$ cat upload.tsv   # TSV, C-alpha atoms
chain	number	residue	atom	x	y	z
T	1	MET	CA	9.38	24.20	-4.71
T	2	LYS	CA	12.37	23.10	-2.66
T	3	THR	CA	11.80	21.83	0.84
T	4	ASN	CA	14.43	21.63	3.49
T	5	ARG	CA	15.47	18.30	5.00
T	6	ARG	CA	13.31	18.67	8.10
T	7	GLN	CA	10.18	19.49	6.06
T	8	ARG	CA	10.90	16.54	3.78
T	9	ILE	CA	11.20	14.13	6.71
T	10	ILE	CA	7.97	15.47	8.25
T	11	LEU	CA	6.19	15.06	4.89
T	12	ILE	CA	7.45	11.49	4.42
T	13	ILE	CA	6.59	10.41	7.98
T	14	SER	CA	3.17	12.12	7.75
T	15	ILE	CA	2.24	10.33	4.52
T	16	ILE	CA	3.38	6.95	5.83
T	17	SER	CA	1.51	7.52	9.12
T	18	LEU	CA	-1.66	8.70	7.36
T	19	THR	CA	-1.56	5.64	5.12
T	20	ILE	CA	-1.09	3.20	7.99
T	21	CYS	CA	-3.72	4.85	10.21
T	22	SER	CA	-6.41	5.16	7.53
T	23	ASP	CA	-5.88	1.57	6.42
T	24	GLN	CA	-5.88	0.10	9.92
T	25	VAL	CA	-8.93	2.10	11.02
T	26	SER	CA	-10.88	1.01	7.92
T	27	LYS	CA	-9.87	-2.64	8.40
T	28	THR	CA	-10.83	-2.54	12.07
T	29	ILE	CA	-14.28	-1.21	11.15
T	30	ILE	CA	-14.70	-3.98	8.57
T	31	ARG	CA	-13.38	-6.74	10.88
T	32	ASN	CA	-15.77	-5.63	13.63
T	33	ASN	CA	-18.87	-5.14	11.48
T	34	LEU	CA	-18.84	-7.62	8.58
T	35	THR	CA	-18.63	-11.39	8.49
T	36	ASN	CA	-16.56	-13.11	5.81
T	37	HIS	CA	-18.05	-12.61	2.35
T	38	GLU	CA	-20.90	-10.43	3.64
T	39	TYR	CA	-21.81	-7.82	1.01
T	40	ILE	CA	-22.84	-4.17	1.40
T	41	PHE	CA	-23.75	-2.50	-1.90
T	42	LEU	CA	-23.21	1.26	-2.27
T	43	LEU	CA	-23.46	3.84	-5.06
T	44	ASN	CA	-26.03	1.98	-7.18
T	45	ASN	CA	-24.20	-1.30	-6.58
T	46	SER	CA	-21.00	0.07	-8.17
T	47	LEU	CA	-19.07	-0.02	-4.91
T	48	VAL	CA	-19.22	-3.19	-2.84
T	49	LEU	CA	-17.90	-3.68	0.67
T	50	ILE	CA	-17.09	-7.35	1.20
T	51	LYS	CA	-14.82	-8.77	3.87
T	52	ALA	CA	-12.28	-11.21	2.48
T	53	GLU	CA	-9.14	-12.44	4.20
T	54	ASN	CA	-6.17	-12.70	1.83
T	55	PHE	CA	-3.56	-15.25	2.94
T	56	GLY	CA	-1.24	-14.53	0.01
T	57	ALA	CA	-0.05	-11.54	-1.95
T	58	ALA	CA	-2.04	-9.62	-4.57
T	59	LEU	CA	-5.17	-11.55	-5.55
T	60	GLY	CA	-4.21	-14.35	-3.15
T	61	LEU	CA	-1.01	-15.29	-5.02
T	62	GLY	CA	1.03	-17.64	-2.83
T	63	GLY	CA	-1.75	-18.18	-0.31
T	64	ASN	CA	-0.99	-21.91	-0.28
T	65	PHE	CA	2.76	-21.51	0.24
T	66	PRO	CA	4.26	-23.27	3.28
T	67	SER	CA	4.46	-21.01	6.34
T	68	ILE	CA	8.24	-20.45	6.11
T	69	LEU	CA	7.99	-19.30	2.48
T	70	LYS	CA	5.12	-16.95	3.35
T	71	THR	CA	7.26	-15.45	6.13
T	72	ILE	CA	10.22	-14.96	3.79
T	73	TYR	CA	8.32	-13.75	0.69
T	74	PHE	CA	5.54	-11.74	2.34
T	75	GLN	CA	7.26	-10.33	5.44
T	76	ILE	CA	11.07	-10.46	5.58
T	77	LEU	CA	11.89	-9.73	1.93
T	78	PRO	CA	9.31	-6.92	1.51
T	79	MET	CA	10.36	-5.24	4.79
T	80	SER	CA	13.99	-5.29	3.66
T	81	VAL	CA	13.08	-3.61	0.38
T	82	LEU	CA	10.84	-1.09	2.16
T	83	LEU	CA	13.60	-0.17	4.62
T	84	PHE	CA	15.96	0.36	1.68
T	85	PHE	CA	13.50	2.72	-0.06
T	86	PHE	CA	12.61	4.47	3.23
T	87	ARG	CA	16.27	5.18	3.93
T	88	MET	CA	16.75	6.31	0.34
T	89	ILE	CA	13.90	8.86	0.35
T	90	LEU	CA	15.08	10.22	3.69
T	91	THR	CA	18.72	10.62	2.69
T	92	LYS	CA	18.82	11.25	-1.07
T	93	THR	CA	17.86	14.87	-1.63
T	94	ALA	CA	18.11	14.52	-5.43
T	95	ILE	CA	14.87	12.52	-5.41
T	96	SER	CA	11.99	14.76	-6.42
T	97	LYS	CA	9.20	15.68	-4.04
T	98	GLN	CA	6.65	13.81	-6.21
T	99	THR	CA	8.72	10.60	-6.11
T	100	ALA	CA	9.25	10.96	-2.36
T	101	ILE	CA	5.47	11.36	-1.89
T	102	GLY	CA	4.74	8.37	-4.14
T	103	LEU	CA	7.29	6.14	-2.44
T	104	SER	CA	6.00	7.23	0.99
T	105	ALA	CA	2.45	6.24	0.05
T	106	ALA	CA	3.60	2.90	-1.35
T	107	ILE	CA	5.79	2.22	1.69
T	108	GLY	CA	2.95	3.03	4.10
T	109	GLY	CA	0.56	0.76	2.21
T	110	ALA	CA	3.02	-2.11	2.11
T	111	VAL	CA	3.92	-1.74	5.79
T	112	THR	CA	0.30	-1.85	6.92
T	113	ASN	CA	-0.39	-4.97	4.82
T	114	ILE	CA	2.72	-6.63	6.27
T	115	PHE	CA	1.47	-5.64	9.74
T	116	ASP	CA	-1.76	-7.54	9.01
T	117	ARG	CA	0.15	-10.63	7.89
T	118	VAL	CA	2.28	-10.61	11.03
T	119	PHE	CA	-0.46	-9.88	13.59
T	120	PHE	CA	-3.59	-11.35	11.95
T	121	GLY	CA	-2.15	-14.04	9.67
T	122	SER	CA	-3.84	-12.49	6.63
T	123	VAL	CA	-4.63	-9.17	4.99
T	124	THR	CA	-8.21	-7.95	5.25
T	125	ASP	CA	-9.50	-6.82	1.87
T	126	PHE	CA	-12.95	-5.26	1.58
T	127	ILE	CA	-13.44	-2.98	-1.43
T	128	GLN	CA	-14.67	-4.08	-4.83
T	129	ILE	CA	-15.74	-1.93	-7.78
T	130	GLN	CA	-18.40	-3.25	-10.15
T	131	MET	CA	-19.35	-1.23	-13.23
T	132	GLY	CA	-21.36	-3.25	-15.73
T	133	THR	CA	-19.17	-6.11	-16.86
T	134	ILE	CA	-16.06	-4.57	-15.32
T	135	GLN	CA	-15.24	-5.86	-11.85
T	136	THR	CA	-12.09	-5.42	-9.81
T	137	GLY	CA	-10.56	-7.85	-7.39
T	138	ILE	CA	-11.15	-7.19	-3.71
T	139	PHE	CA	-8.67	-4.71	-2.25
T	140	ASN	CA	-8.16	-2.35	0.70
T	141	ILE	CA	-7.07	1.22	1.47
T	142	ALA	CA	-3.40	0.21	1.63
T	143	ASP	CA	-3.62	-1.15	-1.90
T	144	ILE	CA	-5.02	2.20	-3.09
T	145	PHE	CA	-2.01	4.00	-1.56
T	146	ILE	CA	0.42	1.46	-3.07
T	147	VAL	CA	-1.04	1.82	-6.58
T	148	THR	CA	-1.40	5.60	-6.38
T	149	GLY	CA	2.13	5.99	-5.02
T	150	THR	CA	3.54	3.75	-7.73
T	151	ILE	CA	1.71	5.72	-10.44
T	152	LEU	CA	3.14	8.99	-9.03
T	153	VAL	CA	6.68	7.57	-9.13
T	154	VAL	CA	6.31	6.19	-12.67
T	155	LEU	CA	4.83	9.46	-13.98
T	156	ASP	CA	7.62	11.40	-12.32
T	157	LEU	CA	10.24	9.10	-13.84
T	158	ILE	CA	8.70	9.57	-17.29
T	159	PHE	CA	8.06	13.31	-17.25
T	160	ASN	CA	10.55	14.82	-14.78
T	161	LYS	CA	14.00	14.85	-16.33
T	162	LYS	CA	15.47	16.14	-13.06
T	163	ASN	CA	14.34	13.10	-11.07
T	164	ASN	CA	17.42	11.16	-10.01
T	165	LEU	CA	15.68	8.13	-8.47
T	166	LEU	CA	17.38	5.63	-10.72
T	167	ASP	CA	20.77	7.21	-10.05
T	168	SER	CA	20.10	6.82	-6.32
T	169	LEU	CA	19.63	3.06	-6.46

$ encode --input "upload.tsv" --output "structure tokens"
Amino acid sequence: MKTNRRQRIILIISIISLTICSDQVSKTIIRNNLTNHEYIFLLNNSLVLIKAENFGAALGLGGNFPSILKTIYFQILPMSVLLFFFRMILTKTAISKQTAIGLSAAIGGAVTNIFDRVFFGSVTDFIQIQMGTIQTGIFNIADIFIVTGTILVVLDLIFNKKNNLLDSL
């Protein structure tokens, strides 16, 4: 189904806004109601809410970097890349709807995590899945949007021969 430019822009902005709002609301609830490393077990202990502040990137990578490197690697560089992709999905009509949706979700998730780094000095993570011996790292709603969006883009690149994302770069 083809969408016109206006509908596409509304869709992109809506997904990014939904991602940012849902992530920030969930983090605010966690910040206001849990202390660091306090656990709440749900769904037969398979889902754990635990507040953890992440001072680095994924899984704390780079958390001990000097402040200037953190600013460059976790704020300036990612925002530059996000602005590039945001502009691309707004202006390149050859990009499929599925890729535009996936990139919008990933952009929204990344923006809200960068927001946390800028305004709180860290990213609040609070979700962990534990199923038997399988246990995830601690993550947040933004991370779910980033991963889901990335999966949508990759699947679209693999299965949609009409997707011109790589030609748009």

$ atom_distance --input "upload.tsv" --atom1 "CA of Phe119 in chain T" --atom2 "CA of Gln75 in chain T"
11.2 Å

$ closest_atom_pairs --input "upload.tsv" --of "range 94-118 of chain T" --to "range 26-38 of chain T" --cutoff "12 Å" --atoms "all atoms listed in the file" --output "tab-separated table"
residue	atom	partner	partner_atom	distance
T:Thr112	CA	T:Lys27	CA	10.3
T:Asn113	CA	T:Lys27	CA	10.4
T:Phe115	CA	T:Lys27	CA	11.8
T:Asp116	CA	T:Lys27	CA	9.5

$ atom_distance --input "upload.tsv" --atom1 "CA of Gln130 in chain T" --atom2 "CA of Val48 in chain T"
7.4 Å

$ atom_distance --input "upload.tsv" --atom1 "CA of Gly108 in chain T" --atom2 "CA of Phe159 in chain T"
24.2 Å

$ closest_residue --input "upload.tsv" --among "T:Ala52, T:Ala106, T:Val81, T:Ile9" --to "Ile151 in chain T" --atoms "all atoms listed in the file"
T:Ala106

$ closest_residue --input "upload.tsv" --among "T:Glu53, T:Thr150, T:Met79, T:Asp143" --to "Phe120 in chain T" --atoms "all atoms listed in the file"
T:Glu53

$ axis_aligned_box --input "upload.tsv" --around "range 148-161 of chain T" --padding-each-side "4 Å" --output "AutoDock Vina command-line options"
--center_x 6.3 --center_y 9.3 --center_z -11.2 --size_x 23.4 --size_y 19.1 --size_z 20.3

$ residues_around --input "upload.tsv" --residues "Leu11 in chain T" --least-positions-apart "3" --cutoff "12 Å" --atoms "all atoms listed in the file" --output "JSON, numbers by chain"
{"T": [3, 4, 5, 6, 7, 8, 14, 15, 16, 17, 18, 89, 90, 97, 98, 100, 101, 102, 103, 104, 105]}

$ closest_residue --input "upload.tsv" --among "T:Ile20, T:Ile134, T:Leu42, T:Ile95" --to "Ile146 in chain T" --atoms "only C-alpha atoms"
T:Ile20

$ closest_residue --input "upload.tsv" --among "T:Thr99, T:Ile13, T:Thr91, T:Ser80" --to "Val153 in chain T" --atoms "only C-alpha atoms"
T:Thr99

$ closest_residue --input "upload.tsv" --among "T:Ile138, T:Arg117, T:Gly149, T:Asp156" --to "Ile72 in chain T" --atoms "all atoms listed in the file"
T:Arg117

$ closest_residue --input "upload.tsv" --among "T:Ser46, T:Asn54, T:Asn64, T:Ser22" --to "Thr133 in chain T" --atoms "all atoms listed in the file"
T:Ser46

$ decode --input "upload.tsv" --residues "range 79-134 of chain T" --atoms "C-alpha atoms" --output "PDB file, in the first residue's frame"
ATOM      1  CA  MET T  79      22.738  11.971  17.251  1.00  0.00           C
ATOM      2  CA  SER T  80      24.556  12.730  13.998  1.00  0.00           C
ATOM      3  CA  VAL T  81      23.805   9.242  12.675  1.00  0.00           C
ATOM      4  CA  LEU T  82      20.182   9.458  13.853  1.00  0.00           C
ATOM      5  CA  LEU T  83      19.677  12.816  12.139  1.00  0.00           C
ATOM      6  CA  PHE T  84      21.076  11.323   8.927  1.00  0.00           C
ATOM      7  CA  PHE T  85      18.641   8.373   9.061  1.00  0.00           C
ATOM      8  CA  PHE T  86      15.735  10.624  10.111  1.00  0.00           C
ATOM      9  CA  ARG T  87      16.314  12.902   7.139  1.00  0.00           C
ATOM     10  CA  MET T  88      16.681   9.885   4.875  1.00  0.00           C
ATOM     11  CA  ILE T  89      13.373   8.251   5.872  1.00  0.00           C
ATOM     12  CA  LEU T  90      11.586  11.579   5.503  1.00  0.00           C
ATOM     13  CA  THR T  91      12.972  12.402   2.069  1.00  0.00           C
ATOM     14  CA  LYS T  92      13.675   9.099   0.294  1.00  0.00           C
ATOM     15  CA  THR T  93      10.357   7.756  -0.945  1.00  0.00           C
ATOM     16  CA  ALA T  94      11.975   4.603  -2.372  1.00  0.00           C
ATOM     17  CA  ILE T  95      12.447   3.288   1.170  1.00  0.00           C
ATOM     18  CA  SER T  96       9.713   0.794   1.963  1.00  0.00           C
ATOM     19  CA  LYS T  97       7.064   1.429   4.586  1.00  0.00           C
ATOM     20  CA  GLN T  98       8.380  -1.470   6.714  1.00  0.00           C
ATOM     21  CA  THR T  99      11.928  -0.044   6.700  1.00  0.00           C
ATOM     22  CA  ALA T 100      10.613   3.437   7.498  1.00  0.00           C
ATOM     23  CA  ILE T 101       8.654   2.000  10.449  1.00  0.00           C
ATOM     24  CA  GLY T 102      11.666   0.013  11.665  1.00  0.00           C
ATOM     25  CA  LEU T 103      14.038   2.954  11.387  1.00  0.00           C
ATOM     26  CA  SER T 104      11.497   5.211  13.130  1.00  0.00           C
ATOM     27  CA  ALA T 105      11.268   2.802  16.069  1.00  0.00           C
ATOM     28  CA  ALA T 106      15.053   2.497  16.294  1.00  0.00           C
ATOM     29  CA  ILE T 107      15.515   6.267  16.029  1.00  0.00           C
ATOM     30  CA  GLY T 108      12.935   6.925  18.748  1.00  0.00           C
ATOM     31  CA  GLY T 109      14.568   4.382  21.059  1.00  0.00           C
ATOM     32  CA  ALA T 110      18.033   5.781  20.497  1.00  0.00           C
ATOM     33  CA  VAL T 111      16.883   9.384  20.961  1.00  0.00           C
ATOM     34  CA  THR T 112      15.209   8.654  24.289  1.00  0.00           C
ATOM     35  CA  ASN T 113      18.307   6.835  25.592  1.00  0.00           C
ATOM     36  CA  ILE T 114      20.485   9.768  24.506  1.00  0.00           C
ATOM     37  CA  PHE T 115      18.028  12.091  26.282  1.00  0.00           C
ATOM     38  CA  ASP T 116      18.642  10.115  29.484  1.00  0.00           C
ATOM     39  CA  ARG T 117      22.416  10.391  29.099  1.00  0.00           C
ATOM     40  CA  VAL T 118      22.216  14.141  28.567  1.00  0.00           C
ATOM     41  CA  PHE T 119      19.700  14.986  31.309  1.00  0.00           C
ATOM     42  CA  PHE T 120      20.273  12.220  33.890  1.00  0.00           C
ATOM     43  CA  GLY T 121      23.891  11.218  33.249  1.00  0.00           C
ATOM     44  CA  SER T 122      22.872   7.589  32.685  1.00  0.00           C
ATOM     45  CA  VAL T 123      20.223   5.422  31.067  1.00  0.00           C
ATOM     46  CA  THR T 124      17.692   3.804  33.383  1.00  0.00           C
ATOM     47  CA  ASP T 125      17.303   0.116  32.593  1.00  0.00           C
ATOM     48  CA  PHE T 126      14.710  -1.954  34.431  1.00  0.00           C
ATOM     49  CA  ILE T 127      13.518  -5.067  32.585  1.00  0.00           C
ATOM     50  CA  GLN T 128      15.078  -8.496  32.836  1.00  0.00           C
ATOM     51  CA  ILE T 129      13.749 -11.810  31.533  1.00  0.00           C
ATOM     52  CA  GLN T 130      14.625 -15.003  33.397  1.00  0.00           C
ATOM     53  CA  MET T 131      13.501 -18.364  32.021  1.00  0.00           C
ATOM     54  CA  GLY T 132      15.265 -21.282  33.671  1.00  0.00           C
ATOM     55  CA  THR T 133      18.949 -20.911  32.938  1.00  0.00           C
ATOM     56  CA  ILE T 134      18.335 -18.245  30.300  1.00  0.00           C
TER      57      ILE T 134
END
